[in-house]
$ cat start17.txt   # compact mmCIF, C-alpha atoms (C1' of nucleotides) and all ligand atoms
# COMPACT_ATOMS: atom_id res chain seq x y z
CA MET A 1 157.53 -42.02 -111.69
CA GLU A 2 156.75 -41.15 -108.12
CA LYS A 3 160.35 -41.97 -107.42
CA ASP A 4 161.35 -39.19 -109.81
CA ILE A 5 159.38 -36.64 -107.91
CA ARG A 6 161.01 -37.45 -104.61
CA GLU A 7 164.37 -37.49 -106.30
CA ILE A 8 163.87 -34.00 -107.65
CA LEU A 9 162.86 -32.67 -104.27
CA LYS A 10 165.76 -34.31 -102.48
CA LYS A 11 168.24 -33.21 -105.09
CA ASN A 12 167.16 -29.69 -104.26
CA GLN A 13 167.48 -30.20 -100.52
CA LEU A 14 163.78 -29.97 -99.96
CA SER A 15 161.95 -32.18 -97.55
CA VAL A 16 159.39 -34.38 -99.22
CA THR A 17 155.89 -33.31 -98.34
CA ALA A 18 152.49 -34.11 -99.74
CA SER A 19 151.88 -30.68 -101.19
CA ARG A 20 155.26 -30.44 -102.86
CA GLU A 21 154.83 -33.87 -104.38
CA LYS A 22 151.39 -33.04 -105.64
CA ILE A 23 152.26 -29.65 -107.12
CA LEU A 24 155.43 -30.89 -108.74
CA GLN A 25 153.45 -33.76 -110.20
CA LEU A 26 151.02 -31.29 -111.73
CA PHE A 27 153.84 -29.52 -113.51
CA ILE A 28 155.29 -32.77 -114.80
CA ASP A 29 151.94 -34.04 -116.04
CA HIS A 30 150.89 -30.78 -117.63
CA ASN A 31 152.44 -29.86 -120.93
CA GLY A 32 152.58 -26.12 -120.53
CA ALA A 33 152.67 -23.46 -117.90
CA LEU A 34 150.44 -23.13 -114.86
CA ALA A 35 149.24 -20.03 -113.07
CA HIS A 36 148.72 -19.94 -109.35
CA GLY A 37 145.00 -20.13 -109.96
CA ASP A 38 145.31 -23.28 -112.05
CA ILE A 39 147.17 -25.04 -109.31
CA GLU A 40 144.73 -23.94 -106.70
CA LYS A 41 141.92 -25.41 -108.76
CA LYS A 42 143.69 -28.68 -109.38
CA ALA A 43 145.16 -29.19 -105.94
CA GLY A 44 143.45 -26.58 -103.87
CA GLU A 45 140.93 -28.82 -102.25
CA LYS A 46 143.69 -30.60 -100.47
CA PHE A 47 146.00 -27.72 -99.73
CA ASP A 48 145.71 -24.27 -98.35
CA ARG A 49 146.13 -21.33 -100.67
CA VAL A 50 149.03 -20.11 -98.60
CA THR A 51 150.81 -23.39 -99.07
CA VAL A 52 150.50 -23.08 -102.82
CA TYR A 53 152.04 -19.60 -102.74
CA ARG A 54 154.87 -20.77 -100.55
CA THR A 55 155.52 -23.90 -102.54
CA LEU A 56 155.70 -22.01 -105.82
CA GLN A 57 158.09 -19.52 -104.29
CA THR A 58 160.25 -22.32 -102.96
CA PHE A 59 160.34 -24.02 -106.34
CA VAL A 60 161.36 -20.79 -108.03
CA ASP A 61 164.06 -20.18 -105.45
CA LYS A 62 165.45 -23.65 -105.99
CA GLY A 63 165.35 -23.42 -109.74
CA ILE A 64 162.74 -26.14 -110.19
CA ILE A 65 160.30 -23.86 -111.97
CA HIS A 66 160.58 -20.47 -113.63
CA SER A 67 158.08 -17.66 -114.05
CA ILE A 68 156.83 -16.37 -117.36
CA PRO A 69 155.82 -12.72 -117.72
CA THR A 70 152.39 -11.81 -119.04
CA ALA A 71 150.54 -8.64 -119.85
CA ASP A 72 147.46 -9.55 -117.86
CA ASN A 73 148.52 -9.71 -114.24
CA SER A 74 148.75 -13.46 -113.96
CA VAL A 75 152.27 -14.81 -113.80
CA ARG A 76 152.66 -18.36 -115.01
CA TYR A 77 155.17 -20.98 -114.01
CA ALA A 78 156.76 -23.84 -115.88
CA LEU A 79 159.31 -26.54 -115.16
CA CYS A 80 162.95 -25.70 -115.63
CA LYS A 81 165.25 -27.98 -117.51
CA ASP A 82 167.79 -29.83 -115.43
CA ASP A 83 170.48 -27.28 -114.96
CA CYS A 84 168.77 -24.47 -113.04
CA GLN A 85 169.85 -24.59 -109.43
CA GLY A 86 170.03 -22.39 -106.40
CA GLY A 87 167.78 -19.79 -107.89
CA HIS A 88 170.04 -19.30 -110.88
CA HIS A 89 167.89 -19.83 -113.88
CA HIS A 90 169.62 -20.24 -117.16
CA ASP A 91 166.79 -21.07 -119.43
CA HIS A 92 167.06 -18.90 -122.46
CA HIS A 93 164.11 -20.03 -124.44
CA VAL A 94 161.12 -18.33 -125.98
CA HIS A 95 157.62 -18.61 -124.55
CA PHE A 96 154.45 -18.93 -126.52
CA VAL A 97 150.94 -17.93 -125.48
CA CYS A 98 148.06 -19.31 -127.55
CA ASN A 99 145.27 -16.86 -128.22
CA ASN A 100 142.86 -19.71 -128.76
CA CYS A 101 143.36 -22.26 -125.99
CA ASN A 102 145.08 -19.70 -123.80
CA ASN A 103 147.84 -22.12 -122.88
CA THR A 104 151.42 -21.03 -122.39
CA TYR A 105 154.27 -23.18 -123.65
CA CYS A 106 158.01 -23.21 -123.26
CA LEU A 107 159.62 -23.47 -126.68
CA ASP A 108 162.70 -25.14 -125.29
CA ASN A 109 164.41 -25.31 -128.66
CA VAL A 110 163.94 -21.70 -129.58
CA VAL A 111 166.65 -19.64 -127.95
CA THR A 112 166.19 -15.98 -127.18
CA PRO A 113 167.97 -13.79 -129.73
CA ASP A 114 170.65 -11.27 -128.94
CA ILE A 115 169.38 -7.73 -128.73
CA ARG A 116 171.55 -4.78 -129.60
CA LEU A 117 170.83 -2.19 -126.92
CA PRO A 118 171.38 1.55 -127.14
CA LYS A 119 174.55 3.03 -125.65
CA GLY A 120 174.46 3.05 -121.88
CA TYR A 121 172.15 0.12 -121.36
CA SER A 122 173.52 -3.20 -120.26
CA GLY A 123 171.30 -6.25 -120.53
CA GLU A 124 171.42 -9.13 -118.12
CA HIS A 125 168.41 -11.18 -119.07
CA ILE A 126 166.01 -11.36 -121.98
CA GLU A 127 162.39 -12.48 -121.98
CA VAL A 128 160.62 -13.20 -125.23
CA VAL A 129 156.94 -14.03 -125.30
CA VAL A 130 155.26 -14.75 -128.62
CA GLU A 131 151.52 -14.63 -128.91
CA GLY A 132 149.62 -16.49 -131.59
CA ILE A 133 148.07 -19.86 -132.38
CA CYS A 134 149.67 -22.99 -131.05
CA GLN A 135 150.37 -26.33 -132.65
CA GLN A 136 147.27 -27.96 -131.19
CA CYS A 137 144.91 -25.22 -132.26
CA ASN A 138 146.30 -24.74 -135.75
CA MET B 1 151.57 21.86 -123.64
CA GLU B 2 148.13 21.59 -122.12
CA LYS B 3 146.80 22.14 -125.61
CA ASP B 4 148.57 18.99 -126.71
CA ILE B 5 146.84 16.91 -124.08
CA ARG B 6 143.40 18.03 -125.14
CA GLU B 7 144.35 17.50 -128.75
CA ILE B 8 145.34 13.91 -128.10
CA LEU B 9 142.10 13.19 -126.29
CA LYS B 10 139.98 14.78 -128.97
CA LYS B 11 141.85 13.08 -131.74
CA ASN B 12 140.82 9.82 -130.10
CA GLN B 13 137.20 10.81 -129.74
CA LEU B 14 137.42 11.02 -126.00
CA SER B 15 135.74 13.71 -124.03
CA VAL B 16 138.13 15.91 -122.13
CA THR B 17 137.86 15.30 -118.40
CA ALA B 18 140.02 16.25 -115.48
CA SER B 19 141.15 12.72 -114.75
CA ARG B 20 142.05 11.93 -118.32
CA GLU B 21 144.01 15.14 -118.64
CA LYS B 22 145.85 14.50 -115.42
CA ILE B 23 146.70 10.88 -116.13
CA LEU B 24 147.76 11.55 -119.69
CA GLN B 25 149.93 14.38 -118.42
CA LEU B 26 151.61 11.97 -116.04
CA PHE B 27 152.57 9.71 -118.90
CA ILE B 28 153.88 12.59 -120.97
CA ASP B 29 155.91 14.03 -118.12
CA HIS B 30 157.32 10.73 -117.00
CA ASN B 31 160.06 9.23 -119.08
CA GLY B 32 159.23 5.56 -118.66
CA ALA B 33 156.36 3.28 -117.89
CA LEU B 34 153.85 3.60 -115.07
CA ALA B 35 152.01 0.93 -113.17
CA HIS B 36 148.51 1.39 -111.91
CA GLY B 37 149.88 1.88 -108.44
CA ASP B 38 152.21 4.65 -109.54
CA ILE B 39 149.35 6.57 -111.06
CA GLU B 40 147.21 6.10 -108.02
CA LYS B 41 149.96 7.54 -105.88
CA LYS B 42 150.58 10.51 -108.14
CA ALA B 43 146.98 11.32 -108.95
CA GLY B 44 145.02 9.22 -106.55
CA GLU B 45 144.23 11.90 -104.05
CA LYS B 46 142.11 13.61 -106.61
CA PHE B 47 140.57 10.63 -108.35
CA ASP B 48 138.87 7.46 -107.37
CA ARG B 49 140.71 4.20 -107.87
CA VAL B 50 137.98 2.97 -110.14
CA THR B 51 138.45 5.97 -112.38
CA VAL B 52 142.11 5.18 -112.75
CA TYR B 53 141.33 1.62 -113.80
CA ARG B 54 138.74 2.76 -116.29
CA THR B 55 140.92 5.52 -117.69
CA LEU B 56 143.85 3.20 -118.27
CA GLN B 57 141.57 0.70 -119.97
CA THR B 58 140.15 3.42 -122.20
CA PHE B 59 143.61 4.63 -123.14
CA VAL B 60 144.67 1.10 -124.05
CA ASP B 61 141.53 0.58 -126.11
CA LYS B 62 142.16 3.79 -128.01
CA GLY B 63 145.80 3.05 -128.60
CA ILE B 64 147.09 5.92 -126.51
CA ILE B 65 149.07 3.68 -124.18
CA HIS B 66 150.23 0.08 -124.33
CA SER B 67 150.85 -2.46 -121.63
CA ILE B 68 154.19 -4.06 -120.90
CA PRO B 69 154.36 -7.59 -119.51
CA THR B 70 156.24 -8.29 -116.30
CA ALA B 71 157.04 -11.32 -114.22
CA ASP B 72 155.87 -9.79 -110.99
CA ASN B 73 152.14 -9.32 -111.30
CA SER B 74 152.21 -5.61 -111.98
CA VAL B 75 151.49 -4.63 -115.55
CA ARG B 76 153.00 -1.35 -116.64
CA TYR B 77 151.80 1.11 -119.22
CA ALA B 78 153.61 3.51 -121.51
CA LEU B 79 152.68 6.00 -124.19
CA CYS B 80 152.27 4.75 -127.70
CA LYS B 81 153.85 6.51 -130.60
CA ASP B 82 151.49 8.33 -132.88
CA ASP B 83 150.20 5.60 -135.08
CA CYS B 84 148.37 3.27 -132.73
CA GLN B 85 144.66 3.78 -133.09
CA GLY B 86 141.42 2.00 -132.38
CA GLY B 87 143.05 -0.54 -130.17
CA HIS B 88 145.41 -1.65 -132.91
CA HIS B 89 148.83 -1.32 -131.46
CA HIS B 90 151.69 -1.53 -133.83
CA ASP B 91 154.58 -0.74 -131.64
CA HIS B 92 157.20 -3.34 -132.20
CA HIS B 93 159.87 -2.17 -129.88
CA VAL B 94 161.83 -3.72 -127.05
CA HIS B 95 161.21 -2.87 -123.42
CA PHE B 96 163.83 -2.49 -120.77
CA VAL B 97 163.49 -2.96 -117.02
CA CYS B 98 166.26 -1.56 -114.84
CA ASN B 99 167.25 -3.75 -111.92
CA ASN B 100 168.60 -0.75 -110.08
CA CYS B 101 166.09 2.08 -110.36
CA ASN B 102 163.31 -0.34 -111.22
CA ASN B 103 162.08 1.86 -114.04
CA THR B 104 160.72 0.47 -117.27
CA TYR B 105 161.57 2.11 -120.58
CA CYS B 106 160.40 1.79 -124.15
CA LEU B 107 163.39 1.41 -126.43
CA ASP B 108 161.58 2.91 -129.37
CA ASN B 109 164.49 2.45 -131.71
CA VAL B 110 165.08 -1.20 -130.97
CA VAL B 111 162.68 -3.30 -133.00
CA THR B 112 161.63 -6.76 -131.90
CA PRO B 113 163.50 -9.44 -133.84
CA ASP B 114 161.86 -12.11 -135.94
CA ILE B 115 161.56 -15.43 -134.19
CA ARG B 116 161.60 -18.69 -136.07
CA LEU B 117 158.89 -20.79 -134.49
CA PRO B 118 158.57 -24.58 -134.57
CA LYS B 119 156.29 -26.17 -137.14
CA GLY B 120 152.63 -25.67 -136.33
CA TYR B 121 152.95 -22.47 -134.36
CA SER B 122 151.95 -19.19 -135.91
CA GLY B 123 153.01 -16.01 -134.21
CA GLU B 124 150.99 -12.84 -134.23
CA HIS B 125 152.77 -10.62 -131.78
CA ILE B 126 156.13 -10.58 -130.05
CA GLU B 127 157.02 -9.09 -126.71
CA VAL B 128 160.63 -8.62 -125.73
CA VAL B 129 161.60 -7.42 -122.28
CA VAL B 130 165.25 -6.98 -121.42
CA GLU B 131 166.33 -6.72 -117.82
CA GLY B 132 169.54 -5.04 -116.78
CA ILE B 133 171.00 -1.66 -115.87
CA CYS B 134 169.71 1.43 -117.58
CA GLN B 135 171.48 4.43 -119.04
CA GLN B 136 170.89 6.56 -115.97
CA CYS B 137 172.15 3.97 -113.51
CA ASN B 138 175.18 2.91 -115.50
C1' DC C 1 121.38 27.67 -121.72
C1' DA C 2 118.89 23.30 -122.13
C1' DA C 3 119.01 18.58 -123.54
C1' DT C 4 121.61 14.57 -124.10
C1' DA C 5 125.36 11.55 -123.55
C1' DA C 6 129.37 10.21 -121.12
C1' DA C 7 132.24 9.77 -117.16
C1' DA C 8 133.18 9.91 -112.16
C1' DG C 9 132.36 8.65 -107.59
C1' DC C 10 130.60 5.71 -104.23
C1' DA C 11 129.65 1.48 -102.03
C1' DA C 12 129.72 -3.09 -101.85
C1' DC C 13 131.95 -6.94 -103.17
C1' DA C 14 135.34 -10.49 -105.14
C1' DA C 15 139.80 -12.02 -105.90
C1' DT C 16 144.50 -12.13 -104.87
C1' DG C 17 148.41 -11.90 -101.96
C1' DT C 18 150.84 -11.48 -97.16
C1' DT C 19 152.02 -12.34 -92.22
C1' DG C 20 152.41 -14.40 -87.49
C1' DC C 21 151.75 -18.17 -84.98
C1' DA C 22 150.27 -22.80 -83.25
C1' DA C 23 149.82 -27.52 -84.77
C1' DA C 24 151.40 -31.14 -87.64
C1' DA C 25 154.64 -33.46 -90.43
C1' DT C 26 159.31 -34.52 -91.66
C1' DA C 27 164.12 -35.28 -90.89
C1' DT C 28 167.77 -36.23 -87.64
C1' DT C 29 169.83 -38.06 -83.63
C1' DT C 30 170.17 -41.21 -79.95
C1' DA D 1 162.14 -47.33 -82.76
C1' DA D 2 161.54 -43.46 -80.01
C1' DA D 3 162.85 -38.84 -78.79
C1' DT D 4 164.26 -34.50 -80.37
C1' DA D 5 165.02 -30.84 -83.46
C1' DT D 6 163.72 -28.71 -87.63
C1' DT D 7 160.70 -27.58 -91.21
C1' DT D 8 156.34 -27.09 -93.22
C1' DT D 9 151.46 -26.57 -92.99
C1' DG D 10 146.95 -24.62 -92.00
C1' DC D 11 144.47 -21.16 -90.01
C1' DA D 12 143.04 -16.64 -89.07
C1' DA D 13 143.40 -12.16 -89.73
C1' DC D 14 144.61 -8.72 -92.63
C1' DA D 15 146.21 -5.87 -96.79
C1' DT D 16 146.10 -4.99 -101.54
C1' DT D 17 144.19 -5.16 -105.94
C1' DG D 18 140.51 -5.44 -109.18
C1' DT D 19 135.28 -5.50 -110.50
C1' DT D 20 130.33 -4.18 -110.83
C1' DG D 21 125.88 -1.61 -110.46
C1' DC D 22 123.96 2.48 -109.71
C1' DT D 23 123.51 7.54 -108.79
C1' DT D 24 125.35 11.98 -109.32
C1' DT D 25 128.23 14.97 -111.73
C1' DT D 26 130.44 16.66 -115.74
C1' DA D 27 131.15 17.41 -120.65
C1' DT D 28 129.43 17.95 -125.34
C1' DT D 29 126.12 19.38 -128.70
C1' DG D 30 122.88 22.41 -130.73
MN MN E 201 159.95 -21.70 -120.04
MN MN E 202 156.69 0.52 -125.18
ZN ZN E 203 146.24 -23.29 -128.49
ZN ZN E 204 167.98 2.44 -113.81
$ encode --input "start17.txt" --output "structure tokens"
Amino acid sequence: MEKDIREILKKNQLSVTASREKILQLFIDHNGALAHGDIEKKAGEKFDRVTVYRTLQTFVDKGIIHSIPTADNSVRYALCKDDCQGGHHHDHHVHFVCNNCNNTYCLDNVVTPDIRLPKGYSGEHIEVVVEGICQQCN
Amino acid sequence: MEKDIREILKKNQLSVTASREKILQLFIDHNGALAHGDIEKKAGEKFDRVTVYRTLQTFVDKGIIHSIPTADNSVRYALCKDDCQGGHHHDHHVHFVCNNCNNTYCLDNVVTPDIRLPKGYSGEHIEVVVEGICQQCN
DNA sequence: CAATAAAAGCAACAATGTTGCAAAATATTT
DNA sequence: AAATATTTTGCAACATTGTTGCTTTTATTG
């Protein structure tokens, strides 16, 4: 298990540090997305806030995690599947926010649909966020 | 024109004040979405920051504007079409963020698709944000 | 115009995010 | 294994963004 973590970091040409190990572990253990605040609460006693910001940014740049848009000014992050690298994310799945438990999930098996855009617009990336009640809460 | 503004406010049982008129005017004049910061820049010399926050919140509550999720911690707002009232928004259109001019548009004619969710999930609301190059910039 | 209700402004504060730099940790070379 | 070079961290200081209570001002109603 711990081996895995170090492997992931090395595979992405990142030096293995305590904070990166810890934060990556959090994502692997947690089934769902994490906001900056969540991470700070769970790991913040050991690490500086600035380190959390920088680590998240690094992980996004490397394609280890991806960000999920929200309508409430609190971006969330979740693990990418294997094939996102060098900042090129090619996850095309739908995200789900539960109105009850307030968790955010990646629905890895639900692919984002094609959208027919009006003349003149060209789409490069699609984000779909569904809000409702999750499996656990239903 | 100015008549319209007052009409909209009155129709929503809001008293007509200088800040509400001004901010609503901004939305009507501007073809696209506005972030809090935008409004503060365009109207902020006359109004307190707190007033802008409260006005936007009021407009959302009344169904005059709706918020658009983003992945960069800066919620944007845009005018609702006529039939959103009492905080019940029933816009079901796609939003578009231009990577060039950085504007956000409501694609009022593009309805959000149905998404088939995994067993156990029940969806209540769908947000679709497409990123790419807009009409103007193409 | 007076009375009442609502909104705006102000101040103080809390939370969130950013930057430069010195110290510490990690990786690399000898 | 130790020395060196590189990278990351923590800290401090600061900037930006968002919130709350309270007083003054403004708008609505009759
Ligand atoms: Mn995801
Ligand atoms: Mn819209
Ligand atoms: Zn739930
Ligand atoms: Zn554009």
$ residues_around --input "start17.txt" --residues "C:DG20" --least-positions-apart "3" --cutoff "12 Å" --atoms "all atoms listed in the file" --output "MDAnalysis selection string"
chainID D and resid 11:14
$ residues_near_ligand --input "start17.txt" --ligand "ligand MN 202 (chain E)" --cutoff "9 Å" --atoms "only C-alpha atoms (C1' of nucleotides) and all ligand atoms" --output "PyMOL selection string"
chain B and resi 32-33+65-68+77-81+91-96+104-108
$ closest_residue --input "start17.txt" --among "A:Val111, A:Ile5, A:Leu24, A:Val97" --to "ligand ZN 203 (chain E)" --atoms "all atoms listed in the file"
A:Val97
$ residues_near_ligand --input "start17.txt" --ligand "ligand ZN 203 (chain E)" --cutoff "10 Å" --atoms "only C-alpha atoms (C1' of nucleotides) and all ligand atoms" --output "list in words"
Phe96, Val97, Cys98, Asn99, Asn100, Cys101, Asn102, Asn103, Thr104, Tyr105, Gly132, Ile133, Cys134, Gln135, Gln136, Cys137 and Asn138 of chain A; Tyr121 of chain B
$ atom_distance --input "start17.txt" --atom1 "atom CA of A:Lys46" --atom2 "atom CA of A:Arg76"
21.0 Å
$ interface_residues --input "start17.txt" --of "chain C" --to "chain B" --cutoff "12 Å" --atoms "only C-alpha atoms (C1' of nucleotides)" --output "MDAnalysis selection string"
chainID C and resid 5:11 16:17
$ closest_residue --input "start17.txt" --among "A:Glu124, A:Asn73, A:Asn31, A:Asp61" --to "chain D" --atoms "only C-alpha atoms (C1' of nucleotides)"
A:Asn73
$ axis_aligned_box --input "start17.txt" --around "stretch 5-24 of chain D" --padding-each-side "3 Å" --output "JSON"
{"center_x": 144.3, "center_y": -9.4, "center_z": -97.1, "size_x": 47.5, "size_y": 48.8, "size_z": 33.4}
